[in-house]
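Here the structure comes first, spelled out in structure tokens, and everything after it is commentary.
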Amino acid sequence: MIIASFFLVFLTAIGENLFFFFLFCFCGEQDGNQGITDTVPTPIVIIDQDSDPDSTVVEITFGDRLGALLDTMNALKNLGLNVVKANVFLDSSGKHNKFSITKADTGRKVEDPELLEQIRLTIINNLIQYHPESSSQLAMGAAFGLLPPKEQVDVDIATHINVSADGPNRSLLYVETADRPGLLVDLVKIITDINIDVESGEFDTEGLLAKAKFHVSYQGKAIIRPLQLVLANSLRYFLRRPSTEESSF
């Protein structure tokens, strides 16, 4: 009873965020449940630019196999980032490790697509390093993993693009396609090359697939139907032919 009362007072005093910091300090990268199962869970990495106006939220799930990911947090710090908040929660899909990160030099959320892609690939690389079995479920596993994917995703079949209304001043672009390194940067470049602004969004890596949601606008307004078709066709062309040279146009 005395110990329980002390723990309650301690938790109240330090606050939830600091409590999780102490929790992480006593856990390692591989402290998750390492029990061998017949089915390797689908690794999921979410880069969320929508839910917090002040930070970029990263969420990592790999069934119940992940620990506190201290090595991943250190790798993010090496990119010039600060982990300002960390949280862990469980649900039916597994253990979710969620970080709020900002740029160390400005204290602001990450806006640069190239740095966002670096964050994504750094997390995936650490996932493959500490959980080699995950490489069989990741596109990067074909190049860097011990267990490459057994089957490659057909880009033509996997690619889905949709533009819908998102209020009077912007539209919501949804893209689902086969994942590959550099994809986030390529998507943003294709969109901005036709003078469409990307305001914010979310980029999810779910196994061999990538699913992106972007809030987009044209000259401060929602995208009209003809421009929606141009955007969708441009994305579809580049995604289905990622190796096409610009000189071929």
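In the structure tokens, the first chain shown is A, the next is B, and so on; residue numbers restart at 1 for each chain, and ligands run from 1 in the order shown.
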Would you mind listing what lies within 10 Å of A:Ser171 as a short mmCIF file (atom, residue, chain, number, x, y, z; two decimals) with N, CA, C and O atoms, in the first residue's frame, with only C-alpha atoms counted and same-chain residues fewer than 4 positions away left out?
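out.cif written:
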```cif
data_model
loop_
_atom_site.label_atom_id
_atom_site.label_comp_id
_atom_site.auth_asym_id
_atom_site.auth_seq_id
_atom_site.Cartn_x
_atom_site.Cartn_y
_atom_site.Cartn_z
N VAL A 163 -9.07 12.56 -55.61
CA VAL A 163 -9.11 13.94 -55.14
C VAL A 163 -10.54 14.25 -54.73
O VAL A 163 -11.48 14.06 -55.52
N SER A 164 -10.72 14.72 -53.50
CA SER A 164 -12.06 15.01 -53.00
C SER A 164 -12.10 16.38 -52.36
O SER A 164 -11.06 17.02 -52.12
N ALA A 165 -13.31 16.85 -52.06
CA ALA A 165 -13.48 18.16 -51.45
C ALA A 165 -12.97 18.16 -50.02
O ALA A 165 -13.10 17.18 -49.29
N ASP A 166 -12.38 19.29 -49.62
CA ASP A 166 -11.86 19.45 -48.26
C ASP A 166 -12.10 20.89 -47.81
O ASP A 166 -11.19 21.57 -47.36
N GLY A 167 -13.34 21.35 -48.01
CA GLY A 167 -13.67 22.73 -47.70
C GLY A 167 -13.56 23.60 -48.95
O GLY A 167 -13.14 23.15 -50.01
N VAL A 198 1.05 22.19 -51.53
CA VAL A 198 0.83 21.16 -50.52
C VAL A 198 0.87 21.83 -49.16
O VAL A 198 1.91 22.36 -48.76
N PHE A 214 -2.75 14.33 -48.74
CA PHE A 214 -2.23 15.69 -48.79
C PHE A 214 -3.40 16.68 -48.89
O PHE A 214 -4.31 16.49 -49.70
N HIS A 215 -3.34 17.74 -48.09
CA HIS A 215 -4.26 18.86 -48.25
C HIS A 215 -3.62 19.79 -49.28
O HIS A 215 -2.53 20.32 -49.06
N VAL A 216 -4.29 19.98 -50.40
CA VAL A 216 -3.70 20.72 -51.52
C VAL A 216 -4.64 21.84 -51.96
O VAL A 216 -5.86 21.80 -51.72
N SER A 217 -4.06 22.84 -52.61
CA SER A 217 -4.85 23.96 -53.11
C SER A 217 -4.16 24.56 -54.33
O SER A 217 -2.97 24.33 -54.56
N TYR A 218 -4.93 25.34 -55.07
CA TYR A 218 -4.38 26.05 -56.23
C TYR A 218 -4.77 27.52 -56.11
O TYR A 218 -5.95 27.85 -56.12
N LYS A 221 -7.32 28.23 -53.41
CA LYS A 221 -8.67 27.69 -53.57
C LYS A 221 -8.62 26.18 -53.77
O LYS A 221 -7.57 25.61 -54.08
N ALA A 222 -9.78 25.55 -53.60
CA ALA A 222 -9.88 24.12 -53.88
C ALA A 222 -9.59 23.87 -55.36
O ALA A 222 -9.80 24.74 -56.21
N ILE A 223 -9.13 22.68 -55.66
CA ILE A 223 -8.75 22.34 -57.04
C ILE A 223 -10.00 22.01 -57.85
O ILE A 223 -10.80 21.15 -57.46
N ILE A 224 -10.15 22.69 -58.98
CA ILE A 224 -11.31 22.44 -59.84
C ILE A 224 -11.13 21.12 -60.59
O ILE A 224 -10.03 20.59 -60.70
N GLN A 228 -7.90 18.65 -61.26
CA GLN A 228 -7.86 17.37 -60.55
C GLN A 228 -7.44 16.25 -61.50
O GLN A 228 -6.65 15.38 -61.14
#
```
Select from stretch 22-189 of chain A everything DSSP, run on the backbone, classes as alpha helix (DSSP H), then give the selection as number ranges by chain.
A: 22-25, 70-77, 113-130, 141-144, 155-158, 183-189
Near-A:His96 list (6 Å; only C-alpha atoms; drop same-chain fewer than 5 positions) as a PyMOL selection string:
chain A and resi 60-61+88-89
Only all heavy atoms, please: the residues just picked out, written as a PDB file, in the first residue's frame.
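Okay, out10.pdb is ready:
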```pdb
ATOM      1  N   ILE A  60       5.002   4.311 -34.952  1.00  0.00           N
ATOM      2  CA  ILE A  60       5.612   3.081 -35.452  1.00  0.00           C
ATOM      3  C   ILE A  60       4.922   1.891 -34.798  1.00  0.00           C
ATOM      4  O   ILE A  60       4.780   1.846 -33.574  1.00  0.00           O
ATOM      5  CB  ILE A  60       7.122   3.037 -35.134  1.00  0.00           C
ATOM      6  CG1 ILE A  60       7.800   4.344 -35.549  1.00  0.00           C
ATOM      7  CG2 ILE A  60       7.790   1.851 -35.823  1.00  0.00           C
ATOM      8  CD1 ILE A  60       9.204   4.499 -35.001  1.00  0.00           C
ATOM      9  N   THR A  61       4.517   0.929 -35.618  1.00  0.00           N
ATOM     10  CA  THR A  61       3.858  -0.274 -35.115  1.00  0.00           C
ATOM     11  C   THR A  61       4.425  -1.493 -35.831  1.00  0.00           C
ATOM     12  O   THR A  61       4.622  -1.471 -37.046  1.00  0.00           O
ATOM     13  CB  THR A  61       2.336  -0.216 -35.353  1.00  0.00           C
ATOM     14  OG1 THR A  61       1.814   0.995 -34.820  1.00  0.00           O
ATOM     15  CG2 THR A  61       1.635  -1.393 -34.690  1.00  0.00           C
ATOM     16  N   VAL A  88       3.370   5.557 -25.640  1.00  0.00           N
ATOM     17  CA  VAL A  88       3.164   4.173 -26.058  1.00  0.00           C
ATOM     18  C   VAL A  88       1.748   3.771 -25.686  1.00  0.00           C
ATOM     19  O   VAL A  88       1.285   4.061 -24.580  1.00  0.00           O
ATOM     20  CB  VAL A  88       4.167   3.219 -25.371  1.00  0.00           C
ATOM     21  CG1 VAL A  88       3.898   1.776 -25.786  1.00  0.00           C
ATOM     22  CG2 VAL A  88       5.599   3.601 -25.702  1.00  0.00           C
ATOM     23  N   PHE A  89       1.045   3.130 -26.622  1.00  0.00           N
ATOM     24  CA  PHE A  89      -0.273   2.608 -26.279  1.00  0.00           C
ATOM     25  C   PHE A  89      -0.501   1.301 -27.010  1.00  0.00           C
ATOM     26  O   PHE A  89       0.125   1.015 -28.034  1.00  0.00           O
ATOM     27  CB  PHE A  89      -1.381   3.621 -26.593  1.00  0.00           C
ATOM     28  CG  PHE A  89      -1.557   3.938 -28.058  1.00  0.00           C
ATOM     29  CD1 PHE A  89      -2.462   3.233 -28.838  1.00  0.00           C
ATOM     30  CD2 PHE A  89      -0.825   4.957 -28.650  1.00  0.00           C
ATOM     31  CE1 PHE A  89      -2.629   3.529 -30.182  1.00  0.00           C
ATOM     32  CE2 PHE A  89      -0.988   5.260 -29.998  1.00  0.00           C
ATOM     33  CZ  PHE A  89      -1.893   4.541 -30.761  1.00  0.00           C
TER      34      PHE A  89
END
```
Using only C-alpha atoms, pick whichever of A:Thr42, A:Thr177, A:Gln49, A:Gln118 has the shortest atom-to-atom distance to A:Ala210.
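Ranked by minimum distance to A:Ala210, first place goes to A:Thr177.
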Closest contacts (stretch 47-134 of chain A/stretch 139-155 of chain A, max 10 Å, only C-alpha atoms) as CSV:
```
residue,atom,partner,partner_atom,distance
A:Leu121,CA,A:Met140,CA,8.6
A:Ile124,CA,A:Met140,CA,7.8
A:Asn125,CA,A:Met140,CA,8.0
A:Ile128,CA,A:Gly145,CA,6.3
A:Gln129,CA,A:Gly145,CA,8.0
A:His131,CA,A:Gly145,CA,9.8
A:Pro132,CA,A:Leu146,CA,6.3
A:Glu133,CA,A:Leu147,CA,6.5
A:Ser134,CA,A:Gly141,CA,7.8
```
Quick one: residues within 8 Å of stretch 201-204 of chain A, only C-alpha atoms, excluding same-chain residues fewer than 5 positions away - as a VMD selection string?
chain A and resid 44 to 50 184 210 to 215
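Among the candidates A:Leu187, A:Leu209, A:Val83, A:Leu115, the residue lying nearest to A:Ala232 is A:Leu187 (atoms considered: only C-alpha atoms).
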Write out as number ranges by chain all residues of stretch 34-246 of chain A that DSSP puts in strand (DSSP E or B) for this structure's backbone.
A: 44-48, 56-62, 64, 81-91, 94-103, 160-165, 171-178, 197-206, 209-218, 221
Output C-alpha atoms of each residue in that selection to a file, as a PDB file, in the first residue's frame.
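Below is the file that was written, again-v6.pdb:
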```pdb
ATOM      1  CA  ILE A  44       3.568   0.482 -40.129  1.00  0.00           C
ATOM      2  CA  VAL A  45       5.314   3.861 -40.072  1.00  0.00           C
ATOM      3  CA  ILE A  46       3.137   6.987 -40.022  1.00  0.00           C
ATOM      4  CA  ILE A  47       4.437  10.518 -40.628  1.00  0.00           C
ATOM      5  CA  ASP A  48       1.625  12.800 -39.456  1.00  0.00           C
ATOM      6  CA  THR A  56       5.658  16.285 -36.615  1.00  0.00           C
ATOM      7  CA  VAL A  57       4.101  13.158 -35.135  1.00  0.00           C
ATOM      8  CA  VAL A  58       5.666   9.803 -35.968  1.00  0.00           C
ATOM      9  CA  GLU A  59       3.979   6.509 -35.120  1.00  0.00           C
ATOM     10  CA  ILE A  60       5.612   3.081 -35.452  1.00  0.00           C
ATOM     11  CA  THR A  61       3.858  -0.274 -35.115  1.00  0.00           C
ATOM     12  CA  PHE A  62       5.126  -3.814 -35.645  1.00  0.00           C
ATOM     13  CA  ASP A  64       3.758  -6.368 -30.252  1.00  0.00           C
ATOM     14  CA  LEU A  81      15.765  16.638 -34.558  1.00  0.00           C
ATOM     15  CA  ASN A  82      14.428  16.736 -31.021  1.00  0.00           C
ATOM     16  CA  VAL A  83      11.975  14.198 -29.628  1.00  0.00           C
ATOM     17  CA  VAL A  84       9.807  16.495 -27.515  1.00  0.00           C
ATOM     18  CA  LYS A  85       7.218  13.920 -26.481  1.00  0.00           C
ATOM     19  CA  ALA A  86       6.929  10.145 -26.543  1.00  0.00           C
ATOM     20  CA  ASN A  87       4.012   7.863 -25.862  1.00  0.00           C
ATOM     21  CA  VAL A  88       3.164   4.173 -26.058  1.00  0.00           C
ATOM     22  CA  PHE A  89      -0.273   2.608 -26.279  1.00  0.00           C
ATOM     23  CA  LEU A  90      -1.704  -0.808 -27.013  1.00  0.00           C
ATOM     24  CA  ASP A  91      -4.726  -1.848 -29.015  1.00  0.00           C
ATOM     25  CA  GLY A  94      -0.370  -4.131 -31.466  1.00  0.00           C
ATOM     26  CA  LYS A  95       1.954  -1.771 -29.641  1.00  0.00           C
ATOM     27  CA  HIS A  96       2.124   1.783 -30.981  1.00  0.00           C
ATOM     28  CA  ASN A  97       5.208   3.927 -30.329  1.00  0.00           C
ATOM     29  CA  LYS A  98       4.422   7.580 -30.994  1.00  0.00           C
ATOM     30  CA  PHE A  99       6.941  10.446 -31.048  1.00  0.00           C
ATOM     31  CA  SER A 100       6.465  14.187 -31.470  1.00  0.00           C
ATOM     32  CA  ILE A 101       9.540  15.654 -33.126  1.00  0.00           C
ATOM     33  CA  THR A 102      10.779  19.139 -34.017  1.00  0.00           C
ATOM     34  CA  LYS A 103      13.848  20.578 -35.696  1.00  0.00           C
ATOM     35  CA  HIS A 160      -5.036   4.388 -56.533  1.00  0.00           C
ATOM     36  CA  ILE A 161      -5.488   8.163 -56.703  1.00  0.00           C
ATOM     37  CA  ASN A 162      -8.454  10.216 -55.570  1.00  0.00           C
ATOM     38  CA  VAL A 163      -9.114  13.942 -55.138  1.00  0.00           C
ATOM     39  CA  SER A 164     -12.061  15.006 -52.998  1.00  0.00           C
ATOM     40  CA  ALA A 165     -13.481  18.165 -51.453  1.00  0.00           C
ATOM     41  CA  SER A 171      -8.875  19.672 -51.632  1.00  0.00           C
ATOM     42  CA  LEU A 172      -7.821  16.322 -50.203  1.00  0.00           C
ATOM     43  CA  LEU A 173      -5.529  14.209 -52.359  1.00  0.00           C
ATOM     44  CA  TYR A 174      -5.251  10.504 -51.544  1.00  0.00           C
ATOM     45  CA  VAL A 175      -2.532   8.372 -53.114  1.00  0.00           C
ATOM     46  CA  GLU A 176      -1.920   4.671 -52.559  1.00  0.00           C
ATOM     47  CA  THR A 177       0.879   2.905 -54.401  1.00  0.00           C
ATOM     48  CA  ALA A 178       3.827   0.531 -54.088  1.00  0.00           C
ATOM     49  CA  ASP A 197       0.428  23.873 -53.151  1.00  0.00           C
ATOM     50  CA  VAL A 198       0.831  21.155 -50.524  1.00  0.00           C
ATOM     51  CA  GLU A 199      -0.319  22.515 -47.159  1.00  0.00           C
ATOM     52  CA  SER A 200      -0.005  19.473 -44.902  1.00  0.00           C
ATOM     53  CA  GLY A 201      -0.755  15.788 -44.848  1.00  0.00           C
ATOM     54  CA  GLU A 202       0.073  12.302 -43.675  1.00  0.00           C
ATOM     55  CA  PHE A 203       2.341   9.668 -45.193  1.00  0.00           C
ATOM     56  CA  ASP A 204       1.857   6.062 -44.101  1.00  0.00           C
ATOM     57  CA  THR A 205       4.105   3.124 -44.878  1.00  0.00           C
ATOM     58  CA  GLU A 206       2.091  -0.071 -44.440  1.00  0.00           C
ATOM     59  CA  LEU A 209       2.427  -0.114 -49.681  1.00  0.00           C
ATOM     60  CA  ALA A 210       2.553   3.642 -49.201  1.00  0.00           C
ATOM     61  CA  LYS A 211      -0.592   5.633 -48.457  1.00  0.00           C
ATOM     62  CA  ALA A 212      -0.490   9.423 -48.545  1.00  0.00           C
ATOM     63  CA  LYS A 213      -3.048  12.117 -47.792  1.00  0.00           C
ATOM     64  CA  PHE A 214      -2.234  15.694 -48.792  1.00  0.00           C
ATOM     65  CA  HIS A 215      -4.255  18.861 -48.255  1.00  0.00           C
ATOM     66  CA  VAL A 216      -3.703  20.723 -51.516  1.00  0.00           C
ATOM     67  CA  SER A 217      -4.853  23.964 -53.112  1.00  0.00           C
ATOM     68  CA  TYR A 218      -4.377  26.052 -56.228  1.00  0.00           C
ATOM     69  CA  LYS A 221      -8.668  27.688 -53.570  1.00  0.00           C
TER      70      LYS A 221
END
```
Of the candidates A:Gly182, A:Gly67, A:Pro168, A:Gly207, which shows the shortest atom-to-atom distance to A:Val40, using only C-alpha atoms?
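Closest candidate: A:Gly207.
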